[in-house]
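For reference, run-v1.txt (compact mmCIF, C-alpha atoms):
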# COMPACT_ATOMS: atom_id res chain seq x y z
CA MET A 1 -27.28 -12.93 -8.88
CA ILE A 2 -28.04 -12.57 -5.19
CA LYS A 3 -25.44 -14.85 -3.65
CA GLN A 4 -22.41 -13.27 -5.31
CA PRO A 5 -22.79 -9.72 -3.87
CA LEU A 6 -23.44 -11.24 -0.44
CA LYS A 7 -20.27 -13.26 -0.71
CA ASN A 8 -18.28 -10.18 -1.69
CA LYS A 9 -19.75 -8.22 1.19
CA ILE A 10 -18.80 -10.86 3.77
CA THR A 11 -15.26 -11.13 2.37
CA PHE A 12 -14.84 -7.36 2.47
CA LYS A 13 -15.77 -7.24 6.16
CA LYS A 14 -13.42 -10.11 6.90
CA ASN A 15 -10.58 -8.26 5.16
CA GLU A 16 -11.25 -5.17 7.25
CA LEU A 17 -11.10 -7.23 10.46
CA VAL A 18 -7.84 -8.92 9.46
CA THR A 19 -6.41 -5.53 8.52
CA LEU A 20 -7.39 -4.04 11.86
CA LEU A 21 -5.82 -6.93 13.78
CA VAL A 22 -2.55 -6.76 11.82
CA VAL A 23 -2.12 -3.03 12.35
CA ALA A 24 -3.14 -3.30 16.01
CA LEU A 25 -0.40 -5.88 16.58
CA ILE A 26 2.15 -3.72 14.78
CA PHE A 27 1.41 -0.68 16.91
CA LEU A 28 1.16 -2.69 20.12
CA GLU A 29 4.68 -3.91 19.47
CA SER A 30 5.77 -0.35 18.76
CA PHE A 31 4.40 0.88 22.09
CA ILE A 32 6.01 -1.97 24.01
CA LEU A 33 9.41 -1.56 22.36
CA GLU A 34 9.15 2.25 22.34
CA ILE A 35 10.27 2.54 18.71
CA ASN A 36 9.27 5.32 16.35
CA PHE A 37 6.77 5.17 13.52
CA ILE A 38 9.26 4.17 10.78
CA LEU A 39 9.01 0.44 11.53
CA PRO A 40 5.19 0.36 11.58
CA LEU A 41 5.13 2.23 8.27
CA PHE A 42 7.60 -0.20 6.75
CA LEU A 43 5.76 -3.28 8.02
CA LEU A 44 2.48 -1.88 6.83
CA GLY A 45 3.92 -1.23 3.39
CA VAL A 46 5.16 -4.83 3.15
CA TYR A 47 1.79 -6.12 4.35
CA PHE A 48 -0.10 -4.09 1.74
CA TYR A 49 2.22 -5.13 -1.06
CA LEU A 50 1.85 -8.82 -0.22
CA ARG A 51 -1.93 -8.47 -0.11
CA ASN A 52 -1.84 -6.90 -3.60
CA THR A 53 -4.17 -4.10 -2.60
CA LYS A 54 -4.55 -0.60 -4.05
CA LEU A 55 -1.41 0.55 -2.24
CA LYS A 56 0.72 -1.01 -4.98
CA TYR A 57 -0.87 1.30 -7.53
CA ASN A 58 -1.31 4.38 -5.34
CA LEU A 59 1.89 4.31 -3.30
CA LEU A 60 3.22 7.60 -4.71
CA TYR A 61 -0.08 9.41 -4.14
CA ILE A 62 -0.47 8.06 -0.61
CA SER A 63 3.10 9.12 0.14
CA CYS A 64 2.27 12.66 -0.99
CA LEU A 65 -0.67 12.83 1.42
CA PHE A 66 1.48 11.47 4.25
CA VAL A 67 4.21 14.02 3.60
CA LEU A 68 1.74 16.91 3.64
CA LEU A 69 0.20 15.69 6.88
CA PHE A 70 3.49 15.06 8.69
CA VAL A 71 5.17 18.27 7.58
CA PHE A 72 2.26 20.28 8.94
CA SER A 73 2.08 18.13 12.10
CA TYR A 74 5.81 18.50 12.69
CA PHE A 75 5.52 22.28 12.37
CA VAL A 76 2.64 22.39 14.86
CA ILE A 77 4.22 20.08 17.43
CA ARG A 78 7.77 21.49 17.29
CA ASN A 79 6.50 25.06 17.67
CA GLY A 80 4.44 24.24 20.75
CA ILE A 81 1.10 24.85 19.03
CA PRO A 82 -1.75 22.81 20.58
CA PHE A 83 -2.13 19.50 18.77
CA TYR A 84 -5.82 20.01 18.07
CA TYR A 85 -4.91 22.65 15.50
CA ILE A 86 -3.80 19.77 13.25
CA PRO A 87 -6.68 19.18 10.76
CA PHE A 88 -6.18 15.44 10.95
CA ALA A 89 -9.70 14.50 9.85
CA ALA A 90 -8.93 15.85 6.38
CA PHE A 91 -6.48 12.98 5.81
CA PRO A 92 -8.89 10.01 6.20
CA MET A 93 -11.62 11.89 4.35
CA LEU A 94 -9.32 12.51 1.38
CA CYS A 95 -8.09 8.90 1.39
CA THR A 96 -11.63 7.51 1.47
CA ILE A 97 -12.99 9.77 -1.27
CA LEU A 98 -9.95 9.50 -3.56
CA PHE A 99 -9.14 5.79 -3.25
CA ALA A 100 -12.69 4.44 -2.65
CA SER A 101 -11.44 1.74 -0.29
CA LEU A 102 -12.56 1.61 3.32
CA GLU A 103 -9.96 -1.01 4.18
CA LEU A 104 -7.13 1.07 2.74
CA SER A 105 -8.38 4.25 4.41
CA LEU A 106 -8.69 2.48 7.77
CA LEU A 107 -5.09 1.30 7.61
CA LEU A 108 -3.76 4.68 6.54
CA THR A 109 -5.71 6.38 9.33
CA LEU A 110 -4.19 4.03 11.90
CA VAL A 111 -0.69 4.63 10.60
CA ALA A 112 -1.10 8.39 10.44
CA ALA A 113 -2.76 8.73 13.85
CA PHE A 114 -0.24 6.74 15.82
CA SER A 115 2.72 8.07 13.87
CA ILE A 116 1.75 11.58 14.94
CA SER A 117 1.37 10.33 18.51
CA PHE A 118 4.95 8.99 18.36
CA LEU A 119 6.09 12.30 16.93
CA SER A 120 4.52 14.20 19.82
CA ASN A 121 5.23 11.59 22.55
CA ASN A 122 1.53 11.65 23.38
CA ASN A 123 -0.22 8.27 23.42
CA TYR A 124 -3.65 9.83 23.87
CA LEU A 125 -3.21 11.78 20.67
CA GLY A 126 -3.07 8.62 18.56
CA LEU A 127 -6.29 7.31 20.08
CA LEU A 128 -8.00 10.68 19.66
CA PHE A 129 -7.01 11.07 16.02
CA PHE A 130 -7.75 7.44 15.21
CA THR A 131 -11.25 7.67 16.68
CA SER A 132 -12.10 10.86 14.83
CA GLY A 133 -10.46 9.54 11.67
CA VAL A 134 -12.52 6.35 11.64
CA MET A 135 -15.69 8.37 12.18
CA SER A 136 -14.81 10.72 9.34
CA LEU A 137 -14.02 8.00 6.81
CA VAL A 138 -17.25 6.16 7.66
CA LEU A 139 -19.30 9.35 7.29
CA VAL A 140 -17.84 10.28 3.89
CA ARG A 141 -17.57 6.74 2.53
CA ASN A 142 -20.44 7.22 0.09
CA ALA A 143 -20.36 11.02 -0.09
CA ARG A 144 -21.86 12.35 -3.30
CA THR A 145 -22.21 16.02 -2.40
CA ARG A 146 -20.00 18.62 -0.76
CA SER A 147 -22.65 19.22 1.89
CA VAL A 148 -21.93 15.74 3.26
CA ILE A 149 -18.27 16.72 3.73
CA ILE A 150 -19.21 19.94 5.53
CA ARG A 151 -21.64 18.08 7.77
CA THR A 152 -18.94 15.52 8.53
CA GLY A 153 -16.61 18.35 9.57
CA PHE A 154 -19.13 19.64 12.11
CA ILE A 155 -19.70 16.14 13.50
CA ILE A 156 -15.98 15.41 13.78
CA GLY A 157 -15.38 18.75 15.48
CA ALA A 158 -18.05 17.92 18.06
CA ILE A 159 -16.65 14.42 18.62
CA GLN A 160 -13.12 15.73 19.14
CA ALA A 161 -14.35 18.42 21.49
CA LEU A 162 -16.12 15.75 23.53
CA ALA A 163 -12.99 13.57 23.50
CA LEU A 164 -10.90 16.50 24.72
CA PHE A 165 -13.41 17.01 27.52
CA PHE A 166 -12.81 13.43 28.71
CA ILE A 167 -9.02 13.65 28.27
CA ASN A 168 -8.97 16.81 30.42
CA ASN A 169 -10.73 14.93 33.24
CA PHE A 170 -14.08 16.61 32.57
CA LYS A 171 -12.63 20.11 32.88
CA ILE A 172 -14.23 22.56 30.48
CA ASN A 173 -11.99 24.99 28.65
CA PHE A 174 -14.10 26.90 26.17
CA THR A 175 -11.08 28.03 24.16
CA ASP A 176 -9.89 24.45 23.62
CA THR A 177 -13.38 23.19 22.89
CA TYR A 178 -14.05 25.96 20.38
CA SER A 179 -10.73 25.34 18.64
CA MET A 180 -11.45 21.63 18.34
CA PHE A 181 -14.86 22.35 16.86
CA ALA A 182 -14.15 25.30 14.59
CA LEU A 183 -10.61 24.60 13.40
CA ASN A 184 -10.13 20.85 13.51
CA GLY A 185 -13.55 19.83 12.25
CA LEU A 186 -14.78 22.58 10.01
CA VAL A 187 -11.37 23.49 8.57
CA SER A 188 -10.73 19.82 7.81
CA SER A 189 -13.86 19.66 5.67
CA ILE A 190 -12.96 22.93 3.92
CA ILE A 191 -9.48 21.57 3.16
CA VAL A 192 -11.00 18.42 1.66
CA ILE A 193 -13.36 20.39 -0.58
CA GLY A 194 -10.58 22.73 -1.68
CA PHE A 195 -7.97 20.06 -2.40
CA LEU A 196 -10.22 17.41 -3.99
CA PRO A 197 -10.13 18.85 -7.54
CA ILE A 198 -6.36 19.27 -7.31
CA PHE A 199 -5.77 15.71 -6.09
CA GLU A 200 -8.21 14.30 -8.66
CA TYR A 201 -6.11 15.88 -11.38
CA ILE A 202 -2.73 14.92 -9.89
CA PHE A 203 -3.76 11.39 -8.89
CA ASN A 204 -5.61 10.75 -12.16
CA THR A 205 -8.79 9.65 -10.41
CA ILE A 206 -12.40 10.79 -10.21
CA THR A 207 -14.70 11.00 -7.19
CA ASN A 208 -18.43 10.49 -6.78
CA ILE A 209 -18.83 14.24 -6.36
CA SER A 210 -17.26 14.97 -9.74
CA LEU A 211 -19.20 12.15 -11.37
CA LEU A 212 -22.50 13.59 -10.18
CA GLU A 213 -21.53 16.96 -11.58
CA LEU A 214 -21.01 15.26 -14.95
CA ALA A 215 -24.45 13.65 -14.62
CA ASP A 216 -26.01 17.09 -15.02
CA PHE A 217 -27.85 17.01 -18.33
CA ASN A 218 -26.95 20.66 -18.84
CA HIS A 219 -23.39 19.61 -19.62
CA PRO A 220 -22.50 20.96 -23.10
CA LEU A 221 -21.80 17.51 -24.55
CA LEU A 222 -25.07 16.04 -23.30
CA GLN A 223 -26.95 19.09 -24.52
CA ARG A 224 -25.40 18.63 -27.96
CA MET A 225 -26.46 15.00 -28.01
CA VAL A 226 -30.05 15.91 -27.19
CA LEU A 227 -30.20 18.33 -30.13
CA GLU A 228 -27.87 16.76 -32.70
CA ALA A 229 -28.00 13.03 -31.97
CA PRO A 230 -31.19 12.25 -29.99
CA GLY A 231 -30.99 8.56 -30.85
CA THR A 232 -27.47 8.32 -29.46
CA TYR A 233 -28.57 10.27 -26.40
CA HIS A 234 -31.39 7.82 -25.66
CA HIS A 235 -29.09 4.88 -26.36
CA SER A 236 -26.53 6.24 -23.88
CA LEU A 237 -29.15 6.67 -21.16
CA VAL A 238 -30.37 3.10 -21.58
CA VAL A 239 -26.81 1.75 -21.57
CA GLY A 240 -26.17 3.78 -18.41
CA ASN A 241 -29.17 2.28 -16.63
CA LEU A 242 -28.25 -1.27 -17.68
CA SER A 243 -24.63 -0.78 -16.62
CA GLU A 244 -25.59 0.69 -13.27
CA ALA A 245 -27.82 -2.28 -12.43
CA ALA A 246 -25.14 -4.77 -13.50
CA CYS A 247 -22.44 -3.04 -11.44
CA GLN A 248 -24.64 -3.06 -8.36
CA ALA A 249 -25.06 -6.82 -8.80
CA VAL A 250 -21.34 -7.58 -9.02
CA GLY A 251 -20.00 -4.97 -6.61
CA ALA A 252 -18.43 -2.61 -9.18
CA ASN A 253 -18.65 1.19 -9.18
CA ALA A 254 -22.20 1.72 -10.44
CA LEU A 255 -22.00 5.51 -10.58
CA LEU A 256 -18.79 5.48 -12.60
CA ALA A 257 -20.30 3.01 -15.07
CA ARG A 258 -23.48 5.06 -15.50
CA ILE A 259 -21.64 8.33 -16.13
CA GLY A 260 -19.12 6.58 -18.37
CA ALA A 261 -22.03 5.23 -20.42
CA TYR A 262 -23.48 8.73 -20.80
CA TYR A 263 -20.29 9.90 -22.53
CA HIS A 264 -19.04 6.74 -24.24
CA ASP A 265 -20.52 7.63 -27.64
CA ILE A 266 -19.90 11.38 -27.78
CA GLY A 267 -17.73 10.82 -30.85
CA LYS A 268 -20.92 10.21 -32.84
CA LEU A 269 -21.67 13.93 -32.53
CA GLN A 270 -19.27 14.58 -35.40
CA LYS A 271 -21.35 12.56 -37.91
CA PRO A 272 -24.58 11.56 -36.13
CA GLU A 273 -26.46 10.84 -39.37
CA TYR A 274 -24.18 7.86 -40.09
CA PHE A 275 -25.34 5.88 -37.05
CA SER A 276 -28.46 3.74 -37.10
CA GLU A 277 -30.07 5.11 -33.93
CA ASN A 278 -30.20 8.57 -35.51
CA ILE A 279 -31.58 7.45 -38.90
CA ASN A 280 -35.33 7.85 -39.37
CA SER A 281 -35.68 6.97 -43.06
CA LYS A 282 -35.10 3.72 -44.93
CA PHE A 283 -32.23 5.31 -46.81
CA GLY A 284 -29.07 6.17 -44.93
CA LYS A 285 -25.75 7.80 -45.63
CA HIS A 286 -24.06 4.43 -45.95
CA ASP A 287 -26.07 3.55 -49.05
CA ASN A 288 -23.70 5.68 -51.10
CA LEU A 289 -20.50 4.45 -49.44
CA THR A 290 -18.39 1.36 -49.91
CA PRO A 291 -18.17 -0.98 -46.89
CA THR A 292 -14.58 0.10 -46.36
CA MET A 293 -15.52 3.78 -46.20
CA SER A 294 -18.46 3.02 -43.91
CA ARG A 295 -16.13 1.07 -41.64
CA LEU A 296 -13.80 4.07 -41.39
CA VAL A 297 -16.67 6.42 -40.50
CA ILE A 298 -18.08 4.06 -37.86
CA MET A 299 -14.76 3.19 -36.23
CA ASN A 300 -13.54 6.78 -36.22
CA HIS A 301 -16.20 7.82 -33.69
CA VAL A 302 -13.89 6.46 -30.99
CA ASN A 303 -11.00 8.78 -31.88
CA GLU A 304 -13.34 11.72 -32.37
CA GLY A 305 -14.89 10.99 -28.99
CA VAL A 306 -11.48 11.05 -27.31
CA GLU A 307 -10.72 14.42 -28.92
CA LEU A 308 -14.05 15.87 -27.77
CA ALA A 309 -13.51 14.52 -24.25
CA ARG A 310 -10.08 16.13 -23.99
CA LYS A 311 -11.41 19.38 -25.41
CA HIS A 312 -14.02 19.45 -22.62
CA ASN A 313 -11.48 18.35 -19.97
CA LEU A 314 -13.17 15.06 -19.12
CA ASN A 315 -11.30 12.87 -16.65
CA SER A 316 -9.10 10.11 -18.06
CA LYS A 317 -11.29 7.51 -16.32
CA LEU A 318 -14.17 8.59 -18.57
CA ILE A 319 -11.92 8.70 -21.63
CA ASP A 320 -11.23 5.01 -20.97
CA PHE A 321 -14.92 4.29 -21.61
CA ILE A 322 -14.70 6.05 -24.97
CA LYS A 323 -11.49 4.27 -26.00
CA GLN A 324 -12.39 0.80 -24.79
CA HIS A 325 -16.17 0.38 -25.09
CA HIS A 326 -15.77 -1.59 -28.33
CA GLY A 327 -12.57 -3.39 -27.34
CA THR A 328 -11.29 -5.22 -30.42
CA SER A 329 -14.75 -6.24 -31.62
CA LEU A 330 -15.66 -6.68 -35.28
CA VAL A 331 -17.78 -4.20 -37.25
CA TYR A 332 -19.69 -7.24 -38.42
CA TYR A 333 -22.39 -5.64 -40.62
CA PHE A 334 -19.95 -3.85 -42.90
CA TYR A 335 -17.54 -6.77 -42.82
CA ARG A 336 -20.29 -8.99 -44.23
CA ARG A 337 -21.16 -6.34 -46.81
CA ALA A 338 -17.52 -6.18 -47.84
CA LEU A 339 -17.43 -9.95 -48.31
CA GLU A 340 -20.60 -9.89 -50.38
CA SER A 341 -19.77 -6.76 -52.37
CA LEU A 342 -18.75 -7.17 -55.98
CA GLU A 343 -16.86 -3.90 -55.74
CA GLU A 344 -14.30 -5.42 -53.42
CA ASP A 345 -11.77 -7.02 -55.76
CA ASN A 346 -9.09 -7.58 -53.14
CA GLU A 347 -9.15 -9.95 -50.22
CA VAL A 348 -11.14 -8.64 -47.27
CA LEU A 349 -9.13 -8.89 -44.07
CA GLU A 350 -11.10 -9.31 -40.87
CA GLU A 351 -8.46 -7.36 -38.91
CA GLY A 352 -9.26 -4.27 -40.97
CA PHE A 353 -12.83 -4.30 -39.70
CA ARG A 354 -11.92 -4.66 -36.05
CA TYR A 355 -11.67 -1.79 -33.58
CA PRO A 356 -8.04 -1.20 -32.58
CA GLY A 357 -8.83 -1.44 -28.87
CA PRO A 358 -7.58 -1.52 -26.23
CA LYS A 359 -9.79 -4.02 -24.47
CA PRO A 360 -11.53 -2.89 -21.25
CA ASN A 361 -9.14 -2.46 -18.32
CA SER A 362 -11.81 -2.35 -15.59
CA LYS A 363 -15.03 -4.07 -14.61
CA GLU A 364 -17.01 -0.90 -15.23
CA VAL A 365 -15.80 -0.46 -18.81
CA ALA A 366 -16.35 -4.16 -19.55
CA ILE A 367 -19.92 -3.93 -18.28
CA VAL A 368 -20.59 -0.87 -20.45
CA LEU A 369 -19.19 -2.77 -23.45
CA LEU A 370 -21.66 -5.60 -22.83
CA ALA A 371 -24.58 -3.26 -22.14
CA ASP A 372 -23.79 -1.30 -25.30
CA SER A 373 -23.92 -4.47 -27.41
CA VAL A 374 -27.06 -5.79 -25.72
CA GLU A 375 -28.94 -2.51 -26.13
CA ALA A 376 -28.03 -2.20 -29.80
CA ALA A 377 -28.95 -5.83 -30.54
CA SER A 378 -32.24 -5.55 -28.64
CA ARG A 379 -33.17 -2.35 -30.46
CA ALA A 380 -32.66 -4.11 -33.80
CA LEU A 381 -35.22 -6.82 -32.98
CA LYS A 382 -38.46 -6.66 -34.93
CA ASP A 383 -40.32 -8.14 -31.96
CA PRO A 384 -38.63 -6.96 -28.72
CA ALA A 385 -40.53 -9.40 -26.53
CA PRO A 386 -38.80 -10.48 -23.28
CA ILE A 387 -38.16 -13.99 -24.61
CA ASN A 388 -36.52 -12.63 -27.75
CA ILE A 389 -34.35 -10.20 -25.79
CA ARG A 390 -33.35 -13.04 -23.46
CA ASN A 391 -32.30 -15.15 -26.44
CA VAL A 392 -30.20 -12.28 -27.80
CA VAL A 393 -28.46 -11.75 -24.47
CA HIS A 394 -27.69 -15.42 -23.93
Since I need it in another form, could you write the structure as structure tokens?
Amino acid sequence: MIKQPLKNKITFKKNELVTLLVVALIFLESFILEINFILPLFLLGVYFYLRNTKLKYNLLYISCLFVLLFVFSYFVIRNGIPFYYIPFAAFPMLCTILFASLELSLLLTLVAAFSISFLSNNNYLGLLFFTSGVMSLVLVRNARTRSVIIRTGFIIGAIQALALFFINNFKINFTDTYSMFALNGLVSSIIVIGFLPIFEYIFNTITNISLLELADFNHPLLQRMVLEAPGTYHHSLVVGNLSEAACQAVGANALLARIGAYYHDIGKLQKPEYFSENINSKFGKHDNLTPTMSRLVIMNHVNEGVELARKHNLNSKLIDFIKQHHGTSLVYYFYRRALESLEEDNEVLEEGFRYPGPKPNSKEVAIVLLADSVEAASRALKDPAPINIRNVVH
């Protein structure tokens, strides 16, 4: 449990170093041969594709960010506007927050910084933008609030103002320094905050900031669970805590798993009294239903959850938890009842008592699936002693 995360951490740092060396060699060759940024971009794309990193899946979205940056940079440079009016720091911050990959963001920052330097025929510009870009992506790497982004903007503005001071041979120009601080740093952070919701929607992703907003227990769906399905609400909280701890151990997105667990069973709000965690008496609604009807009610909470999620505009990443948290598992209790029931004259097909899926498509959803099963099985124990829970899990 301890060695695996350490191994992942060391490998991640090694990948970052290899990435940095590869891109450094590409741009060194570009400077020596005096070629433009097209070749470095092409070589970098090939390198990413061969490494099977997130670029393969996010190539269109990354291209959109590049186009926005270069169109604005081209306008600034070709119209003789000072280069420090380019809000470059917004680019690495957006990449880091949206794609959640420091290695990917580092590479994209290198490409963008030195490509703009080629565009402007200013070698110092690439170094300046790269330095500020690396600082910005490091500062927002684990950002969970908008205040972190604003604070990063102030810090980046100060760093770039200091860098400009050195580039100008220690000559102070208050107009330049103020512009670097106010426009390049602060405006960059404002751009990030303003465009994040738009890019989340377009890129079909979700950031830590949005996840924490969904963690607010005043959300209408969570409020409904507290009042209408308190057992499901408590179950979801426990599954969230279990999933978060498991994700931290294996290097998955712990926050995404926790929030996904909070909402994975919202479909039970439609008929909460049919689920065991919400039943207080010995007699339940299923006593008057055939196993086949009970199976339909139980399995339908997935579809009803998806409908509720879309009605409340939940991100598709969270809808995946609702769709996939049972995978293709068997509704075993009612399957056994169907086999034992005298009312069932026809053959009982196991496939009819299985969830339609799909199976989990991410580590986070798979962990929630396991945590969901473990919590339910542990709750059903008459004696929930640690040894008994351990036997259930293993």
Which protein, DNA or RNA residues have an atom at most 12 Å from (-9.1, 7.6, 12.3), counting only C-alpha atoms? List them as JSON, numbers by chain. {"A": [20, 87, 88, 89, 90, 91, 92, 93, 94, 95, 96, 102, 103, 104, 105, 106, 107, 108, 109, 110, 111, 112, 113, 114, 115, 116, 125, 126, 127, 128, 129, 130, 131, 132, 133, 134, 135, 136, 137, 138, 139, 156, 159, 160]}
Who sits within 10 Å of Lys363 (chain A), all atoms listed in the file, same chain under 4 positions skipped, as a PyMOL selection string: chain A and resi 247+250-253+257+367-369
Region 190-231 of chain A near region 308-311 of chain A within 12 Å: what's each residue's closest atom pair and its distance in Å to one decimal, counting only C-alpha atoms, ordered by chain then ascending residue number, as JSON lines?
{"residue": "A:Leu214", "atom": "CA", "partner": "A:Ala309", "partner_atom": "CA", "distance": 12.0}
{"residue": "A:Pro220", "atom": "CA", "partner": "A:Leu308", "partner_atom": "CA", "distance": 10.9}
{"residue": "A:Leu221", "atom": "CA", "partner": "A:Leu308", "partner_atom": "CA", "distance": 8.6}
{"residue": "A:Leu222", "atom": "CA", "partner": "A:Ala309", "partner_atom": "CA", "distance": 11.7}
{"residue": "A:Arg224", "atom": "CA", "partner": "A:Leu308", "partner_atom": "CA", "distance": 11.7}
For the residues selected in the previous step, produce a file with C-alpha atoms as a short mmCIF file (atom, residue, chain, number, x, y, z; two decimals), in the frame of the given file.
data_model
loop_
_atom_site.label_atom_id
_atom_site.label_comp_id
_atom_site.auth_asym_id
_atom_site.auth_seq_id
_atom_site.Cartn_x
_atom_site.Cartn_y
_atom_site.Cartn_z
CA LEU A 214 -21.01 15.26 -14.95
CA PRO A 220 -22.50 20.96 -23.10
CA LEU A 221 -21.80 17.51 -24.55
CA LEU A 222 -25.07 16.04 -23.30
CA ARG A 224 -25.40 18.63 -27.96
#
What is the distance, in Å and to one decimal place, between CA of Gln324 (chain A) and CA of Ser373 (chain A)?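 Going from CA of Gln324 (chain A) over to CA of Ser373 (chain A), I get 12.9 Å.
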Long-range neighbours of Ala366 (chain A) as a PDB file with C-alpha atoms, in the coordinates of the input, 10 Å cut-off, only C-alpha atoms, 2 positions minimum in chain:
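And here is the file that came out, around23.pdb:
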ATOM      1  CA  SER A 243     -24.630  -0.780 -16.620  1.00  0.00           C
ATOM      2  CA  ALA A 257     -20.300   3.010 -15.070  1.00  0.00           C
ATOM      3  CA  PHE A 321     -14.920   4.290 -21.610  1.00  0.00           C
ATOM      4  CA  GLN A 324     -12.390   0.800 -24.790  1.00  0.00           C
ATOM      5  CA  HIS A 325     -16.170   0.380 -25.090  1.00  0.00           C
ATOM      6  CA  HIS A 326     -15.770  -1.590 -28.330  1.00  0.00           C
ATOM      7  CA  GLY A 327     -12.570  -3.390 -27.340  1.00  0.00           C
ATOM      8  CA  LYS A 359      -9.790  -4.020 -24.470  1.00  0.00           C
ATOM      9  CA  PRO A 360     -11.530  -2.890 -21.250  1.00  0.00           C
ATOM     10  CA  ASN A 361      -9.140  -2.460 -18.320  1.00  0.00           C
ATOM     11  CA  SER A 362     -11.810  -2.350 -15.590  1.00  0.00           C
ATOM     12  CA  LYS A 363     -15.030  -4.070 -14.610  1.00  0.00           C
ATOM     13  CA  GLU A 364     -17.010  -0.900 -15.230  1.00  0.00           C
ATOM     14  CA  VAL A 368     -20.590  -0.870 -20.450  1.00  0.00           C
ATOM     15  CA  LEU A 369     -19.190  -2.770 -23.450  1.00  0.00           C
ATOM     16  CA  LEU A 370     -21.660  -5.600 -22.830  1.00  0.00           C
ATOM     17  CA  ALA A 371     -24.580  -3.260 -22.140  1.00  0.00           C
ATOM     18  CA  ASP A 372     -23.790  -1.300 -25.300  1.00  0.00           C
TER      19      ASP A 372
END
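The two atoms in question, CA of Ser147 (chain A) and CA of Ser189 (chain A), are spaced 9.6 Å apart.
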Would you give the centre and edge lengths, in Å to one decimal, of a box along x, y and z around the listed atoms of region 115-119 of chain A, with 5 Å added to each side, as JSON?
{"center_x": 3.7, "center_y": 10.2, "center_z": 16.2, "size_x": 14.7, "size_y": 14.2, "size_z": 14.6}
Between CA of Arg258 (chain A) and CA of Val374 (chain A), what is the spacing in Å? 15.3 Å
Considering all atoms listed in the file, can you say which of A:Tyr124, A:Phe70, A:Tyr355, A:Phe199 comes closest to Ala163 (chain A)? A:Tyr124
